[in-house]
$ cat entry25.cif   # mmCIF, C-alpha atoms
data_final
loop_
_atom_site.label_atom_id
_atom_site.label_comp_id
_atom_site.auth_asym_id
_atom_site.auth_seq_id
_atom_site.Cartn_x
_atom_site.Cartn_y
_atom_site.Cartn_z
CA MET A 555 38.18 7.61 75.64
CA SER A 556 41.33 8.61 73.72
CA ARG A 557 42.83 6.73 70.80
CA PRO A 558 42.60 2.96 71.43
CA ASN A 559 45.71 1.61 73.13
CA VAL A 560 46.58 -1.52 71.14
CA THR A 561 49.78 -3.54 71.28
CA LEU A 562 50.93 -5.89 68.54
CA LYS A 563 50.35 -8.77 70.96
CA GLU A 564 46.73 -7.69 71.44
CA LEU A 565 46.30 -7.30 67.68
CA SER A 566 47.52 -10.86 67.08
CA HIS A 567 45.28 -12.17 69.88
CA ASP A 568 42.17 -10.46 68.50
CA LEU A 569 42.79 -11.61 64.94
CA GLU A 570 43.28 -15.22 65.96
CA LYS A 571 40.35 -15.24 68.39
CA TYR A 572 37.74 -13.50 66.23
CA TYR A 573 38.93 -14.15 62.67
CA SER A 574 40.96 -17.36 62.98
CA ILE A 575 43.93 -15.77 61.20
CA ARG A 576 47.48 -14.93 62.17
CA PRO A 577 49.33 -11.88 60.91
CA ASP A 578 52.83 -12.32 59.53
CA PRO A 579 54.79 -10.45 62.24
CA ASP A 580 57.23 -9.00 59.71
CA SER A 581 54.39 -7.50 57.66
CA VAL A 582 52.60 -5.55 60.41
CA ARG A 583 52.71 -1.77 59.95
CA GLU A 584 50.80 0.88 61.86
CA LEU A 585 49.17 3.48 59.62
CA GLU A 586 48.79 7.15 60.50
CA SER A 587 45.39 8.00 61.94
CA TYR A 588 43.96 11.03 63.72
CA ASP A 589 41.78 9.36 66.37
CA ASP A 590 41.77 5.61 65.72
CA ARG A 591 44.41 2.88 65.40
CA MET A 592 45.04 1.09 62.08
CA PHE A 593 47.34 -1.79 61.25
CA SER A 594 48.21 -3.10 57.81
CA PHE A 595 49.43 -6.68 57.52
CA SER A 596 49.52 -9.88 55.50
CA THR A 597 48.27 -13.17 56.89
CA GLU A 598 50.52 -16.14 57.51
CA GLY A 599 50.15 -18.78 54.85
CA SER A 600 47.78 -17.20 52.33
CA GLY A 601 49.41 -13.77 52.33
CA GLU A 602 45.99 -12.07 52.27
CA LYS A 603 46.45 -8.30 52.65
CA LEU A 604 44.22 -6.77 55.33
CA ILE A 605 43.77 -3.69 57.50
CA ALA A 606 42.60 -3.95 61.10
CA LYS A 607 41.00 -0.79 62.43
CA TYR A 608 40.24 -0.13 66.09
CA TYR A 609 37.65 2.64 66.30
CA ASN A 610 37.56 5.26 69.04
CA THR A 611 34.14 4.65 70.64
CA THR A 612 33.80 8.25 71.78
CA LEU A 613 33.48 9.16 68.11
CA ILE A 614 31.53 6.27 66.58
CA ASN A 615 29.37 3.46 68.00
CA LYS A 616 28.36 0.01 66.83
CA GLU A 617 25.07 1.16 65.27
CA GLN A 618 26.84 3.82 63.24
CA LEU A 619 29.47 1.33 62.08
CA THR A 620 26.63 -0.97 60.99
CA VAL A 621 25.39 1.79 58.66
CA LEU A 622 28.98 2.26 57.45
CA ALA A 623 29.11 -1.43 56.51
CA ARG A 624 25.79 -0.99 54.67
CA VAL A 625 27.27 1.92 52.69
CA LEU A 626 30.34 -0.09 51.70
CA ASP A 627 28.06 -2.87 50.45
CA ALA A 628 26.18 -0.30 48.34
CA LEU A 629 29.47 0.90 46.86
CA ASP A 630 30.30 -2.52 45.44
CA GLY A 631 31.85 -1.84 42.06
CA PHE A 632 33.84 1.14 43.34
CA ASN A 633 37.36 0.74 44.65
CA THR A 634 36.37 1.11 48.30
CA PRO A 635 37.11 -1.08 51.36
CA LYS A 636 35.25 -4.37 51.76
CA VAL A 637 34.53 -5.62 55.27
CA ARG A 638 35.91 -9.06 56.12
CA LEU A 639 33.45 -10.88 58.37
CA ALA A 640 34.54 -12.33 61.68
CA SER A 641 33.57 -15.75 63.00
CA GLY A 642 29.82 -15.69 63.53
CA LYS A 643 29.37 -13.59 60.37
CA THR A 644 29.54 -10.29 62.22
CA SER A 645 31.23 -7.26 60.66
CA ILE A 646 32.02 -5.48 63.95
CA VAL A 647 33.78 -6.98 66.95
CA GLU A 648 33.60 -5.43 70.42
CA VAL A 649 36.98 -5.71 72.15
CA SER A 650 38.42 -4.08 75.25
CA GLU A 651 40.34 -1.58 73.12
CA GLY A 652 37.27 -0.38 71.18
CA LEU A 653 35.40 -1.61 68.11
CA LEU A 654 37.39 -3.72 65.68
CA VAL A 655 36.62 -3.95 61.96
CA LEU A 656 38.76 -5.88 59.50
CA PHE A 657 38.98 -4.68 55.90
CA GLN A 658 40.39 -6.22 52.77
CA ARG A 659 43.17 -3.95 51.58
CA ILE A 660 42.39 -2.34 48.24
CA PRO A 661 45.07 -1.72 45.60
CA GLY A 662 46.92 1.53 45.29
CA GLU A 663 49.15 3.91 47.20
CA ILE A 664 48.12 6.98 49.21
CA LEU A 665 47.78 9.99 46.91
CA GLY A 666 49.48 12.39 49.32
CA SER A 667 51.28 15.07 47.32
CA THR A 668 52.19 12.87 44.33
CA PRO A 669 51.91 14.98 41.13
CA GLN A 670 48.99 14.03 38.88
CA PRO A 671 47.97 14.97 35.31
CA PRO A 672 44.86 17.15 34.73
CA SER A 673 42.91 14.06 33.64
CA PHE A 674 43.28 12.66 37.16
CA TRP A 675 41.50 15.62 38.75
CA LEU A 676 38.63 15.38 36.26
CA SER A 677 38.34 11.68 37.10
CA LEU A 678 38.38 12.46 40.81
CA GLY A 679 35.47 14.90 40.42
CA ARG A 680 33.47 12.27 38.53
CA THR A 681 34.22 9.64 41.17
CA VAL A 682 33.18 11.89 44.08
CA ALA A 683 29.90 12.66 42.30
CA GLN A 684 29.18 8.99 41.51
CA ILE A 685 29.89 7.91 45.09
CA SER A 686 27.72 10.76 46.39
CA LEU A 687 24.82 9.62 44.20
CA LYS A 688 25.20 6.05 45.46
CA MET A 689 25.35 7.11 49.11
CA ALA A 690 22.24 9.26 48.67
CA GLY A 691 20.32 6.05 47.98
CA VAL A 692 21.39 4.28 51.18
CA ASP A 693 18.81 4.15 53.98
CA SER A 694 19.99 6.55 56.69
CA SER A 695 16.86 6.59 58.86
CA ASP A 696 18.71 4.87 61.74
CA PHE A 697 21.88 6.92 61.42
CA HIS A 698 22.12 9.49 64.21
CA ARG A 699 25.43 11.06 64.98
CA GLU A 700 26.83 14.22 66.51
CA LEU A 701 30.35 14.74 65.26
CA ASP A 702 32.66 17.67 65.84
CA TRP A 703 33.47 17.64 62.12
CA ASP A 704 29.81 18.20 61.14
CA PRO A 705 29.85 21.56 59.29
CA ARG A 706 26.34 22.44 60.48
CA PHE A 707 27.68 22.87 64.03
CA THR A 708 31.01 24.54 63.30
CA SER A 709 30.32 27.77 65.21
CA GLN A 710 29.27 25.71 68.25
CA ASN A 711 32.42 23.61 68.05
CA LEU A 712 34.66 26.65 67.55
CA SER A 713 33.16 28.61 70.45
CA SER A 714 35.12 26.68 73.10
CA ARG A 715 38.33 26.29 71.08
CA LYS A 716 41.05 28.75 70.19
CA LEU A 717 42.60 29.04 66.74
CA PRO A 718 46.37 28.83 66.36
CA GLU A 719 48.37 32.04 66.47
CA GLY A 720 48.31 33.96 63.20
CA VAL A 721 44.82 32.90 62.08
CA ASP A 722 42.23 35.67 61.64
CA ARG A 723 39.38 34.36 63.78
CA GLU A 724 36.87 37.01 62.70
CA LYS A 725 37.34 36.24 59.01
CA VAL A 726 36.92 32.54 59.73
CA MET A 727 33.76 33.11 61.78
CA GLU A 728 32.29 35.31 59.04
CA CYS A 729 32.57 32.34 56.66
CA VAL A 730 31.21 29.96 59.27
CA ARG A 731 28.09 32.05 59.90
CA ARG A 732 27.36 32.39 56.17
CA MET A 733 27.93 28.66 55.63
CA GLU A 734 25.67 27.53 58.48
CA LYS A 735 22.88 29.80 57.27
CA GLY A 736 23.15 28.38 53.75
CA LEU A 737 23.24 24.74 54.89
CA LYS A 738 19.94 25.08 56.78
CA GLU A 739 18.08 25.40 53.48
CA LEU A 740 19.51 22.22 51.93
CA PRO A 741 18.44 18.54 52.30
CA VAL A 742 20.92 16.07 53.80
CA GLN A 743 22.23 12.65 52.79
CA LEU A 744 24.97 10.27 53.88
CA SER A 745 28.41 11.64 52.98
CA HIS A 746 31.93 10.24 53.33
CA GLY A 747 32.86 13.40 55.19
CA ASP A 748 36.62 13.42 54.68
CA VAL A 749 37.73 13.14 51.04
CA ASN A 750 41.34 14.21 51.50
CA GLU A 751 44.68 13.31 49.93
CA TYR A 752 45.38 10.64 52.57
CA ASN A 753 42.05 8.87 52.03
CA LEU A 754 42.55 8.54 48.27
CA LEU A 755 44.51 5.70 46.71
CA VAL A 756 46.03 5.69 43.22
CA ASP A 757 47.36 2.65 41.37
CA ASP A 758 49.80 2.38 38.45
CA ASP A 759 46.96 2.74 35.92
CA ASN A 760 45.61 5.90 37.60
CA GLY A 761 42.77 3.85 39.07
CA MET A 762 41.30 5.50 42.13
CA GLY A 763 40.22 4.22 45.54
CA LEU A 764 38.54 5.88 48.53
CA ILE A 765 39.11 4.70 52.10
CA ASP A 766 38.39 5.70 55.71
CA PHE A 767 34.64 6.20 55.93
CA ASN A 768 34.63 6.64 59.72
CA ASN A 769 33.90 10.39 59.49
CA MET A 770 30.67 9.65 57.62
CA ILE A 771 27.94 12.18 58.38
CA LEU A 772 24.50 13.32 57.29
CA ALA A 773 25.07 16.53 55.37
CA PRO A 774 24.00 18.37 52.20
CA ARG A 775 25.72 16.92 49.13
CA VAL A 776 27.71 20.11 48.52
CA VAL A 777 29.70 19.42 51.69
CA GLU A 778 31.40 16.41 50.08
CA ILE A 779 32.68 18.22 47.01
CA ALA A 780 33.62 21.35 49.01
CA HIS A 781 35.78 19.33 51.38
CA CYS A 782 37.34 17.48 48.45
CA LEU A 783 38.20 20.82 46.83
CA ALA A 784 39.62 22.10 50.11
CA TYR A 785 42.01 19.21 50.59
CA MET A 786 43.06 18.75 46.98
CA ILE A 787 43.84 22.45 46.49
CA HIS A 788 45.68 22.27 49.82
CA SER A 789 47.71 19.25 48.70
CA GLU A 790 48.66 21.07 45.49
CA GLN A 791 49.96 24.19 47.28
CA LEU A 792 46.80 26.22 46.64
CA ASN A 793 46.72 25.46 42.91
CA THR A 794 43.14 26.46 42.08
CA GLU A 795 43.36 24.96 38.56
CA VAL A 796 43.14 21.57 40.27
CA GLY A 797 39.89 22.68 41.89
CA ARG A 798 38.44 23.81 38.57
CA ASP A 799 39.21 20.44 36.97
CA ILE A 800 37.61 18.59 39.90
CA MET A 801 34.47 20.73 39.61
CA LYS A 802 34.23 20.07 35.86
CA GLY A 803 34.32 16.34 36.44
CA TYR A 804 31.87 16.53 39.34
CA GLU A 805 29.30 18.59 37.48
CA GLU A 806 29.22 16.09 34.61
CA HIS A 807 27.11 14.02 37.04
CA ILE A 808 25.76 16.49 39.61
CA LYS A 809 24.87 20.05 38.67
CA LEU A 810 24.87 22.13 41.83
CA CYS A 811 22.30 24.88 42.31
CA GLU A 812 23.32 28.47 43.04
CA ALA A 813 22.51 28.09 46.76
CA GLU A 814 25.02 25.22 46.94
CA ARG A 815 27.74 26.92 44.90
CA SER A 816 27.46 30.12 46.93
CA ILE A 817 28.71 28.44 50.14
CA ILE A 818 31.58 26.32 48.76
CA TYR A 819 34.25 28.87 49.69
CA ASP A 820 32.74 29.23 53.16
CA LEU A 821 32.75 25.44 53.60
CA VAL A 822 36.42 25.32 52.58
CA VAL A 823 37.48 28.02 55.07
CA SER A 824 35.27 26.61 57.83
CA ARG A 825 36.72 23.12 57.42
CA PHE A 826 40.29 24.31 57.80
CA GLY A 827 39.33 26.64 60.64
CA LEU A 828 37.78 23.78 62.61
CA SER A 829 40.66 21.45 61.78
CA CYS A 830 43.17 24.00 63.07
CA ALA A 831 41.18 24.59 66.27
CA MET A 832 40.68 20.89 67.06
CA GLY A 833 44.34 20.14 66.42
CA GLN A 834 45.43 23.10 68.54
CA GLN A 835 43.27 21.80 71.38
CA LYS A 836 45.08 18.45 71.26
CA ILE A 837 48.44 20.26 71.29
CA ASP A 838 47.40 22.37 74.30
CA GLU A 839 46.16 19.26 76.14
CA GLY A 840 49.38 17.40 75.41
CA THR A 841 47.58 14.62 73.51
CA ALA A 842 48.77 15.47 70.00
CA ASN A 843 51.02 13.01 68.20
CA ASP A 844 53.52 14.08 65.52
CA TYR A 845 50.91 13.55 62.79
CA VAL A 846 48.42 15.93 64.44
CA THR A 847 51.08 18.55 65.11
CA LYS A 848 52.24 18.54 61.49
CA CYS A 849 48.61 18.71 60.27
CA VAL A 850 48.02 21.83 62.35
CA GLN A 851 51.15 23.52 61.01
CA ASP A 852 50.26 22.72 57.41
CA ASN A 853 46.60 23.65 57.83
CA VAL A 854 47.41 27.07 59.30
CA ILE A 855 49.41 27.88 56.16
CA THR A 856 46.59 26.66 53.91
CA LEU A 857 43.84 28.46 55.85
CA SER A 858 45.77 31.73 55.69
CA GLY A 859 46.21 31.17 51.95
CA PHE A 860 42.49 30.68 51.37
CA LEU A 861 41.66 33.79 53.44
CA LYS A 862 44.18 35.81 51.44
CA LEU A 863 42.77 34.49 48.14
CA GLY A 864 39.29 35.62 49.17
CA ARG A 865 35.80 34.52 48.21
CA ASP A 866 35.56 36.38 44.90
CA CYS A 867 38.87 35.11 43.52
CA PHE A 868 38.13 31.56 44.68
CA GLU A 869 34.79 31.51 42.88
CA GLU A 870 36.31 33.07 39.74
CA GLU A 871 39.18 30.56 39.60
CA VAL A 872 37.38 27.40 40.76
CA LEU A 873 33.64 27.69 40.17
CA LYS A 874 33.20 29.85 37.09
CA ASP A 875 31.85 27.85 34.13
#

$ encode --input "entry25.cif" --output "structure tokens"
Amino acid sequence: MSRPNVTLKELSHDLEKYYSIRPDPDSVRELESYDDRMFSFSTEGSGEKLIAKYYNTTLINKEQLTVLARVLDALDGFNTPKVRLASGKTSIVEVSEGLLVLFQRIPGEILGSTPQPPSFWLSLGRTVAQISLKMAGVDSSDFHRELDWDPRFTSQNLSSRKLPEGVDREKVMECVRRMEKGLKELPVQLSHGDVNEYNLLVDDDNGMGLIDFNNMILAPRVVEIAHCLAYMIHSEQLNTEVGRDIMKGYEEHIKLCEAERSIIYDLVVSRFGLSCAMGQQKIDEGTANDYVTKCVQDNVITLSGFLKLGRDCFEEEVLKD
């Protein structure tokens, strides 16, 4: 199944049938998404601000979304999405287009590439650590998921995919092999899985929110902070000072061991390598939208930059105490 095919008429029908609400037609906006479909809107009458998300069922099932809802409950007190229950008190609705979940919209605007002061990056590191500690305490015994984004299976997922032209595949695979070996020795926990600049919200008071938990995986805790570093340094045009500030804030709450720190660079390179390969596959298959195409172009530049920087320089500039 590809991205859910949802019309505005179907959205209105589902909201009225399952939630007894009507969206204000003038307020409906589709949000960019890689594999799912998301719509932001305000309700008629009350003006309640909500986001309807139709999940691609080839990537996540109802049981996994149930654990996601459990995680969001555990994160009460953080600026994270809250599930709005449908009629019958269910959090997940099965519809013909996929699995529908309705979220209350949290305050803030997408971080994107908006410039931020150094204090913001310290705060981000602290927030990622605090959320990681909370998620570690959530029961994950019934969470079983094989996801292409899972870093433990990167070499497997890269074996059948080509990297875009200009990317040094052997250098990427060297990092992947070292990363996978290191991850085998580390315990796993629930992780958000995709802390990037488009999943972070910032409000006028520099308050921070985290959205889009649908890439949640079981992974060693270092994966979360490594991916955060990857995307934030990427969003700041490879400014490694941003990464150092994030690490300082993070390690105020979680002190990583040497085995974890030694694979952060490899996790960063592997993430962008896999992202480039998966996006390139969509382009080759003719299923890529403009968002995916632009992501691939940007990620190739960033991946090449990280490879040029090298492991030693990365660790000196980002990880050194």

$ atom_distance --input "entry25.cif" --atom1 "CA of His807 in chain A" --atom2 "CA of Leu676 in chain A"
11.6 Å

$ residues_around --input "entry25.cif" --residues "range 580-588 of chain A" --least-positions-apart "3" --cutoff "12 Å" --atoms "all atoms listed in the file" --output "PyMOL selection string"
chain A and resi 556-558+560-563+565-566+576-577+591-598+601-610+613+664+748+752-753+766+768-769+829+832-833+836+841-850

$ residues_around --input "entry25.cif" --residues "Asn853 in chain A" --least-positions-apart "6" --cutoff "9 Å" --atoms "all atoms listed in the file" --output "list in words"
His788, Phe826, Gly827, Ser829 and Cys830 of chain A

$ residues_around --input "entry25.cif" --residues "Leu626 in chain A" --least-positions-apart "4" --cutoff "12 Å" --atoms "all atoms listed in the file" --output "ChimeraX atom specification"
/A:619-622,630-638,645,657-658,685,688-689,692,744-746,764-768,770

$ write_last_selection --input "entry25.cif" --atoms "C-alpha atoms" --output "PDB file, in the coordinates of the input"
ATOM      1  CA  LEU A 619      29.470   1.330  62.080  1.00  0.00           C
ATOM      2  CA  THR A 620      26.630  -0.970  60.990  1.00  0.00           C
ATOM      3  CA  VAL A 621      25.390   1.790  58.660  1.00  0.00           C
ATOM      4  CA  LEU A 622      28.980   2.260  57.450  1.00  0.00           C
ATOM      5  CA  ASP A 630      30.300  -2.520  45.440  1.00  0.00           C
ATOM      6  CA  GLY A 631      31.850  -1.840  42.060  1.00  0.00           C
ATOM      7  CA  PHE A 632      33.840   1.140  43.340  1.00  0.00           C
ATOM      8  CA  ASN A 633      37.360   0.740  44.650  1.00  0.00           C
ATOM      9  CA  THR A 634      36.370   1.110  48.300  1.00  0.00           C
ATOM     10  CA  PRO A 635      37.110  -1.080  51.360  1.00  0.00           C
ATOM     11  CA  LYS A 636      35.250  -4.370  51.760  1.00  0.00           C
ATOM     12  CA  VAL A 637      34.530  -5.620  55.270  1.00  0.00           C
ATOM     13  CA  ARG A 638      35.910  -9.060  56.120  1.00  0.00           C
ATOM     14  CA  SER A 645      31.230  -7.260  60.660  1.00  0.00           C
ATOM     15  CA  PHE A 657      38.980  -4.680  55.900  1.00  0.00           C
ATOM     16  CA  GLN A 658      40.390  -6.220  52.770  1.00  0.00           C
ATOM     17  CA  ILE A 685      29.890   7.910  45.090  1.00  0.00           C
ATOM     18  CA  LYS A 688      25.200   6.050  45.460  1.00  0.00           C
ATOM     19  CA  MET A 689      25.350   7.110  49.110  1.00  0.00           C
ATOM     20  CA  VAL A 692      21.390   4.280  51.180  1.00  0.00           C
ATOM     21  CA  LEU A 744      24.970  10.270  53.880  1.00  0.00           C
ATOM     22  CA  SER A 745      28.410  11.640  52.980  1.00  0.00           C
ATOM     23  CA  HIS A 746      31.930  10.240  53.330  1.00  0.00           C
ATOM     24  CA  LEU A 764      38.540   5.880  48.530  1.00  0.00           C
ATOM     25  CA  ILE A 765      39.110   4.700  52.100  1.00  0.00           C
ATOM     26  CA  ASP A 766      38.390   5.700  55.710  1.00  0.00           C
ATOM     27  CA  PHE A 767      34.640   6.200  55.930  1.00  0.00           C
ATOM     28  CA  ASN A 768      34.630   6.640  59.720  1.00  0.00           C
ATOM     29  CA  MET A 770      30.670   9.650  57.620  1.00  0.00           C
TER      30      MET A 770
END

$ residues_around --input "entry25.cif" --residues "Arg775 in chain A" --least-positions-apart "6" --cutoff "8 Å" --atoms "only C-alpha atoms" --output "list in words"
Ser686, Val742, Gln743 and Ser745 of chain A

$ resolve_selection --input "entry25.cif" --expression "the PyMOL selection byres ((chain A and resi 712-720) around 7)" --output "PyMOL selection string"
chain A and resi 708-711+721-723+828+830-831+834-835

$ closest_residue --input "entry25.cif" --among "A:Glu790, A:Glu814, A:Asp852, A:Asp820" --to "Gly666 in chain A" --atoms "all atoms listed in the file"
A:Glu790

$ resolve_selection --input "entry25.cif" --expression "the PyMOL selection byres ((chain A and resi 872) around 10)" --output "NGL selection string"
:A and (783 or 787 or 793-802 or 818-819 or 867-871 or 873-875)

$ atom_distance --input "entry25.cif" --atom1 "CA of Gly747 in chain A" --atom2 "CA of Asp568 in chain A"
28.9 Å

$ atom_distance --input "entry25.cif" --atom1 "CA of Glu751 in chain A" --atom2 "CA of Ser667 in chain A"
7.3 Å

$ closest_residue --input "entry25.cif" --among "A:Glu778, A:Glu728, A:Asp866, A:Glu805" --to "Ala690 in chain A" --atoms "only C-alpha atoms"
A:Glu778
